[in-house]
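**Q** Structure file entry.pdb (PDB, C-alpha atoms, pLDDT in the B column) right here:
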ATOM      1  CA  MET A   1      16.678  -4.902 -27.550  1.00 56.00           C
ATOM      2  CA  PHE A   2      18.269  -7.344 -25.080  1.00 61.00           C
ATOM      3  CA  VAL A   3      17.425 -10.355 -27.201  1.00 70.00           C
ATOM      4  CA  VAL A   4      18.128  -8.675 -30.544  1.00 74.00           C
ATOM      5  CA  GLY A   5      21.498  -7.512 -29.204  1.00 72.00           C
ATOM      6  CA  SER A   6      22.424 -11.129 -28.606  1.00 73.00           C
ATOM      7  CA  PHE A   7      22.085 -11.974 -32.289  1.00 78.00           C
ATOM      8  CA  VAL A   8      22.947  -8.721 -34.072  1.00 80.00           C
ATOM      9  CA  HIS A   9      26.213  -6.788 -34.136  1.00 83.00           C
ATOM     10  CA  TRP A  10      26.097  -3.492 -32.235  1.00 79.00           C
ATOM     11  CA  ARG A  11      26.692  -1.457 -35.395  1.00 86.00           C
ATOM     12  CA  THR A  12      23.497  -2.910 -36.816  1.00 87.00           C
ATOM     13  CA  LEU A  13      21.637  -2.680 -33.511  1.00 84.00           C
ATOM     14  CA  ALA A  14      22.215   1.065 -33.112  1.00 84.00           C
ATOM     15  CA  PRO A  15      20.283   2.057 -36.261  1.00 87.00           C
ATOM     16  CA  LEU A  16      17.621  -0.560 -35.473  1.00 86.00           C
ATOM     17  CA  ALA A  17      17.071   1.035 -32.073  1.00 84.00           C
ATOM     18  CA  THR A  18      16.292   4.372 -33.715  1.00 90.00           C
ATOM     19  CA  ILE A  19      13.341   2.944 -35.675  1.00 91.00           C
ATOM     20  CA  PRO A  20      10.852   3.054 -32.742  1.00 90.00           C
ATOM     21  CA  ALA A  21      11.894   6.612 -31.900  1.00 90.00           C
ATOM     22  CA  LEU A  22      11.474   7.773 -35.497  1.00 94.00           C
ATOM     23  CA  LEU A  23       8.097   6.047 -35.735  1.00 94.00           C
ATOM     24  CA  GLN A  24       7.001   7.757 -32.531  1.00 93.00           C
ATOM     25  CA  LEU A  25       8.203  11.106 -33.863  1.00 94.00           C
ATOM     26  CA  LEU A  26       6.156  10.679 -37.044  1.00 94.00           C
ATOM     27  CA  LEU A  27       3.031   9.596 -35.166  1.00 93.00           C
ATOM     28  CA  LEU A  28       3.380  12.548 -32.796  1.00 91.00           C
ATOM     29  CA  PHE A  29       1.846  14.829 -35.410  1.00 91.00           C
ATOM     30  CA  PHE A  30      -1.379  12.794 -35.389  1.00 88.00           C
ATOM     31  CA  ILE A  31      -2.026  13.089 -31.644  1.00 84.00           C
ATOM     32  CA  PRO A  32      -4.881  15.503 -30.989  1.00 80.00           C
ATOM     33  CA  GLU A  33      -4.698  18.269 -28.410  1.00 81.00           C
ATOM     34  CA  SER A  34      -5.813  17.358 -24.917  1.00 88.00           C
ATOM     35  CA  LEU A  35      -9.126  18.570 -23.587  1.00 90.00           C
ATOM     36  CA  GLN A  36      -7.370  20.651 -20.930  1.00 89.00           C
ATOM     37  CA  TRP A  37      -5.195  22.307 -23.572  1.00 89.00           C
ATOM     38  CA  LEU A  38      -8.254  23.205 -25.629  1.00 91.00           C
ATOM     39  CA  GLU A  39      -9.939  24.742 -22.588  1.00 91.00           C
ATOM     40  CA  LYS A  40      -6.807  26.593 -21.511  1.00 89.00           C
ATOM     41  CA  PHE A  41      -6.537  28.349 -24.867  1.00 89.00           C
ATOM     42  CA  GLY A  42     -10.259  29.092 -25.167  1.00 89.00           C
ATOM     43  CA  CYS A  43     -11.195  26.620 -27.894  1.00 89.00           C
ATOM     44  CA  GLU A  44     -14.640  25.754 -26.519  1.00 90.00           C
ATOM     45  CA  LYS A  45     -16.074  24.512 -29.818  1.00 91.00           C
ATOM     46  CA  GLU A  46     -13.118  22.188 -30.381  1.00 92.00           C
ATOM     47  CA  LEU A  47     -13.393  21.003 -26.765  1.00 90.00           C
ATOM     48  CA  GLU A  48     -17.040  20.082 -27.206  1.00 90.00           C
ATOM     49  CA  ALA A  49     -16.314  18.403 -30.550  1.00 90.00           C
ATOM     50  CA  ALA A  50     -13.510  16.358 -28.998  1.00 90.00           C
ATOM     51  CA  LEU A  51     -15.718  15.331 -26.077  1.00 90.00           C
ATOM     52  CA  LEU A  52     -18.494  14.292 -28.451  1.00 90.00           C
ATOM     53  CA  CYS A  53     -15.979  12.318 -30.483  1.00 88.00           C
ATOM     54  CA  LEU A  54     -14.759  10.541 -27.334  1.00 87.00           C
ATOM     55  CA  ARG A  55     -18.133   9.934 -25.674  1.00 88.00           C
ATOM     56  CA  GLY A  56     -20.387   9.548 -28.699  1.00 88.00           C
ATOM     57  CA  ASP A  57     -22.651  11.953 -30.567  1.00 87.00           C
ATOM     58  CA  LYS A  58     -25.614  11.399 -28.257  1.00 87.00           C
ATOM     59  CA  ALA A  59     -23.737  11.703 -24.953  1.00 88.00           C
ATOM     60  CA  ASP A  60     -24.367  14.501 -22.476  1.00 90.00           C
ATOM     61  CA  ILE A  61     -20.992  16.193 -22.190  1.00 90.00           C
ATOM     62  CA  SER A  62     -22.044  19.315 -20.311  1.00 89.00           C
ATOM     63  CA  HIS A  63     -21.082  17.962 -16.875  1.00 92.00           C
ATOM     64  CA  GLU A  64     -17.676  16.803 -18.077  1.00 92.00           C
ATOM     65  CA  ALA A  65     -17.020  20.095 -19.891  1.00 91.00           C
ATOM     66  CA  ILE A  66     -17.773  22.005 -16.687  1.00 92.00           C
ATOM     67  CA  GLU A  67     -15.390  19.731 -14.743  1.00 93.00           C
ATOM     68  CA  ILE A  68     -12.625  20.414 -17.265  1.00 92.00           C
ATOM     69  CA  LYS A  69     -13.230  24.169 -17.055  1.00 92.00           C
ATOM     70  CA  ASP A  70     -13.115  24.050 -13.251  1.00 92.00           C
ATOM     71  CA  TYR A  71      -9.931  22.001 -13.350  1.00 90.00           C
ATOM     72  CA  VAL A  72      -8.202  24.439 -15.707  1.00 89.00           C
ATOM     73  CA  GLU A  73      -9.294  27.361 -13.510  1.00 88.00           C
ATOM     74  CA  SER A  74      -7.860  25.649 -10.423  1.00 85.00           C
ATOM     75  CA  LEU A  75      -4.588  25.105 -12.265  1.00 81.00           C
ATOM     76  CA  LYS A  76      -4.395  28.804 -13.071  1.00 78.00           C
ATOM     77  CA  ILE A  77      -4.563  29.574  -9.362  1.00 75.00           C
ATOM     78  CA  PHE A  78      -1.747  27.134  -8.539  1.00 71.00           C
ATOM     79  CA  SER A  79       0.401  28.154 -11.501  1.00 63.00           C
ATOM     80  CA  SER A  80       1.012  31.569  -9.979  1.00 63.00           C
ATOM     81  CA  GLU A  81       3.775  29.889  -7.976  1.00 65.00           C
ATOM     82  CA  GLY A  82       6.990  29.477  -9.907  1.00 68.00           C
ATOM     83  CA  ILE A  83       9.395  26.579 -10.221  1.00 70.00           C
ATOM     84  CA  LEU A  84      11.998  28.527  -8.298  1.00 73.00           C
ATOM     85  CA  ASP A  85       9.797  28.275  -5.201  1.00 73.00           C
ATOM     86  CA  ILE A  86      11.101  24.719  -4.824  1.00 74.00           C
ATOM     87  CA  PHE A  87      14.569  26.025  -4.017  1.00 76.00           C
ATOM     88  CA  GLN A  88      13.669  27.375  -0.599  1.00 80.00           C
ATOM     89  CA  LYS A  89      15.570  26.457   2.530  1.00 85.00           C
ATOM     90  CA  LYS A  90      12.760  24.231   3.834  1.00 85.00           C
ATOM     91  CA  TYR A  91      12.958  22.039   0.702  1.00 83.00           C
ATOM     92  CA  VAL A  92      16.745  21.517   0.639  1.00 86.00           C
ATOM     93  CA  TRP A  93      16.759  18.260   2.608  1.00 87.00           C
ATOM     94  CA  PRO A  94      13.912  16.557   0.666  1.00 86.00           C
ATOM     95  CA  LEU A  95      15.466  17.591  -2.673  1.00 87.00           C
ATOM     96  CA  LEU A  96      18.879  16.265  -1.666  1.00 89.00           C
ATOM     97  CA  THR A  97      17.288  13.023  -0.460  1.00 89.00           C
ATOM     98  CA  VAL A  98      15.497  12.479  -3.771  1.00 87.00           C
ATOM     99  CA  ALA A  99      18.619  13.339  -5.780  1.00 89.00           C
ATOM    100  CA  GLY A 100      20.687  10.966  -3.648  1.00 88.00           C
ATOM    101  CA  VAL A 101      18.236   8.110  -4.093  1.00 84.00           C
ATOM    102  CA  LEU A 102      18.210   8.648  -7.866  1.00 83.00           C
ATOM    103  CA  VAL A 103      22.017   8.605  -7.994  1.00 85.00           C
ATOM    104  CA  LEU A 104      22.212   5.434  -5.872  1.00 81.00           C
ATOM    105  CA  MET A 105      19.593   3.715  -8.021  1.00 75.00           C
ATOM    106  CA  ASN A 106      21.585   4.409 -11.170  1.00 74.00           C
ATOM    107  CA  LEU A 107      24.931   3.429  -9.657  1.00 77.00           C
ATOM    108  CA  GLY A 108      23.883   0.177  -8.067  1.00 71.00           C
ATOM    109  CA  GLY A 109      20.561  -0.799  -9.533  1.00 70.00           C
ATOM    110  CA  ILE A 110      19.321  -2.455 -12.667  1.00 71.00           C
ATOM    111  CA  ASN A 111      21.467  -0.268 -14.924  1.00 71.00           C
ATOM    112  CA  ALA A 112      24.676  -1.689 -13.468  1.00 73.00           C
ATOM    113  CA  LEU A 113      23.268  -5.220 -13.576  1.00 73.00           C
ATOM    114  CA  THR A 114      22.249  -4.805 -17.211  1.00 74.00           C
ATOM    115  CA  TYR A 115      25.581  -3.316 -18.224  1.00 76.00           C
ATOM    116  CA  TYR A 116      27.679  -6.006 -16.553  1.00 80.00           C
ATOM    117  CA  SER A 117      25.252  -8.891 -17.067  1.00 79.00           C
ATOM    118  CA  GLY A 118      27.358 -10.617 -19.719  1.00 80.00           C
ATOM    119  CA  ALA A 119      30.434 -10.645 -17.494  1.00 84.00           C
ATOM    120  CA  ILE A 120      28.375 -11.660 -14.449  1.00 83.00           C
ATOM    121  CA  PHE A 121      26.851 -14.657 -16.219  1.00 84.00           C
ATOM    122  CA  VAL A 122      30.185 -15.771 -17.693  1.00 87.00           C
ATOM    123  CA  SER A 123      31.880 -15.591 -14.274  1.00 89.00           C
ATOM    124  CA  ALA A 124      28.982 -17.645 -12.849  1.00 87.00           C
ATOM    125  CA  GLY A 125      29.662 -20.356 -15.436  1.00 88.00           C
ATOM    126  CA  VAL A 126      26.627 -19.649 -17.609  1.00 85.00           C
ATOM    127  CA  SER A 127      26.744 -18.733 -21.272  1.00 86.00           C
ATOM    128  CA  SER A 128      26.378 -14.992 -21.783  1.00 81.00           C
ATOM    129  CA  MET A 129      23.736 -15.681 -24.453  1.00 85.00           C
ATOM    130  CA  VAL A 130      21.601 -17.691 -22.011  1.00 85.00           C
ATOM    131  CA  GLY A 131      22.119 -15.013 -19.382  1.00 82.00           C
ATOM    132  CA  LEU A 132      21.035 -12.183 -21.666  1.00 81.00           C
ATOM    133  CA  ILE A 133      17.952 -14.071 -22.809  1.00 85.00           C
ATOM    134  CA  THR A 134      17.071 -14.772 -19.162  1.00 84.00           C
ATOM    135  CA  LEU A 135      17.557 -11.110 -18.313  1.00 82.00           C
ATOM    136  CA  ALA A 136      15.323 -10.079 -21.233  1.00 84.00           C
ATOM    137  CA  ALA A 137      12.636 -12.530 -20.113  1.00 88.00           C
ATOM    138  CA  THR A 138      12.662 -11.145 -16.577  1.00 85.00           C
ATOM    139  CA  GLN A 139      12.376  -7.604 -17.925  1.00 83.00           C
ATOM    140  CA  ILE A 140       9.380  -8.619 -20.035  1.00 89.00           C
ATOM    141  CA  LEU A 141       7.736 -10.221 -16.999  1.00 89.00           C
ATOM    142  CA  LYS A 142       8.431  -7.100 -14.950  1.00 86.00           C
ATOM    143  CA  VAL A 143       6.769  -4.887 -17.555  1.00 88.00           C
ATOM    144  CA  ARG A 144       3.803  -7.274 -17.719  1.00 89.00           C
ATOM    145  CA  GLN A 145       3.456  -7.176 -13.936  1.00 89.00           C
ATOM    146  CA  ARG A 146       3.589  -3.372 -13.913  1.00 86.00           C
ATOM    147  CA  ILE A 147       0.880  -3.179 -16.590  1.00 88.00           C
ATOM    148  CA  GLN A 148      -1.327  -5.544 -14.600  1.00 87.00           C
ATOM    149  CA  SER A 149      -0.875  -3.501 -11.431  1.00 85.00           C
ATOM    150  CA  LEU A 150      -1.787  -0.318 -13.317  1.00 83.00           C
ATOM    151  CA  GLN A 151      -4.895  -1.998 -14.707  1.00 81.00           C
ATOM    152  CA  ALA A 152      -5.860  -3.197 -11.232  1.00 79.00           C
ATOM    153  CA  GLY A 153      -5.450   0.353  -9.929  1.00 72.00           C
ATOM    154  CA  LYS A 154      -7.737   1.692 -12.654  1.00 67.00           C
ATOM    155  CA  ALA A 155     -10.331  -0.973 -11.859  1.00 64.00           C
ATOM    156  CA  LYS A 156     -10.511   0.276  -8.237  1.00 61.00           C
ATOM    157  CA  ASP A 157     -11.224   3.841  -9.398  1.00 54.00           C
TER     158      ASP A 157
END
Could I get this structure in the form of structure tokens?
**A**
Amino acid sequence: MFVVGSFVHWRTLAPLATIPALLQLLLLFFIPESLQWLEKFGCEKELEAALLCLRGDKADISHEAIEIKDYVESLKIFSSEGILDIFQKKYVWPLLTVAGVLVLMNLGGINALTYYSGAIFVSAGVSSMVGLITLAATQILKVRQRIQSLQAGKAKD
């Protein structure tokens, strides 16, 4: 949207930005249930069918089905604790630290840079258009780098 915003008026850009969200909303209805969800609600036949669909008709899915069942059972044990258990006295300092870091990131991080980037580039003597395109390129490279690091992490597993 950084690059498109450089060429398109904001009144046109706002409806354009809703297109990916609407597309995602429509495609949401075609996402199948997760294997853990199927096990949690006792849909064993659907679980086995989904595993066979994922692994192939001739695959041995018994070991993986048992792992999923064990995982769901272990989650039931841990889910007896409620969300309000976080708000105990021993967790006050870590929660405040995390909240403070999140606030500082939003006040002084990339959000502020992105918002004021046009003015920053103009005051530096660079065209705001060139600055916004440069900013968009760096964001694209950052996303590419993050994807590569995630893929490298999966390769280690």
**Q** Any chance you could resolve the PyMOL selection byres ((chain A and resi 39) around 10) against this file and give the residues as a ChimeraX atom specification?
**A** /A:34-38,40-48,65,68-73
**Q** One decimal, in Å: what's the spacing between atom CA of A:Gly131 and atom CA of A:Ser117?
**A**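 Interatomic distance here is 7.3 Å.
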**Q** Could you tell me how far atom CA of A:Ile66 lies from atom CA of A:Leu54, in Å and to one decimal?
**A** 15.9 Å
**Q** Hey, can you check how far atom CA of A:Ala137 sits from atom CA of A:Pro15?
**A** 23.1 Å
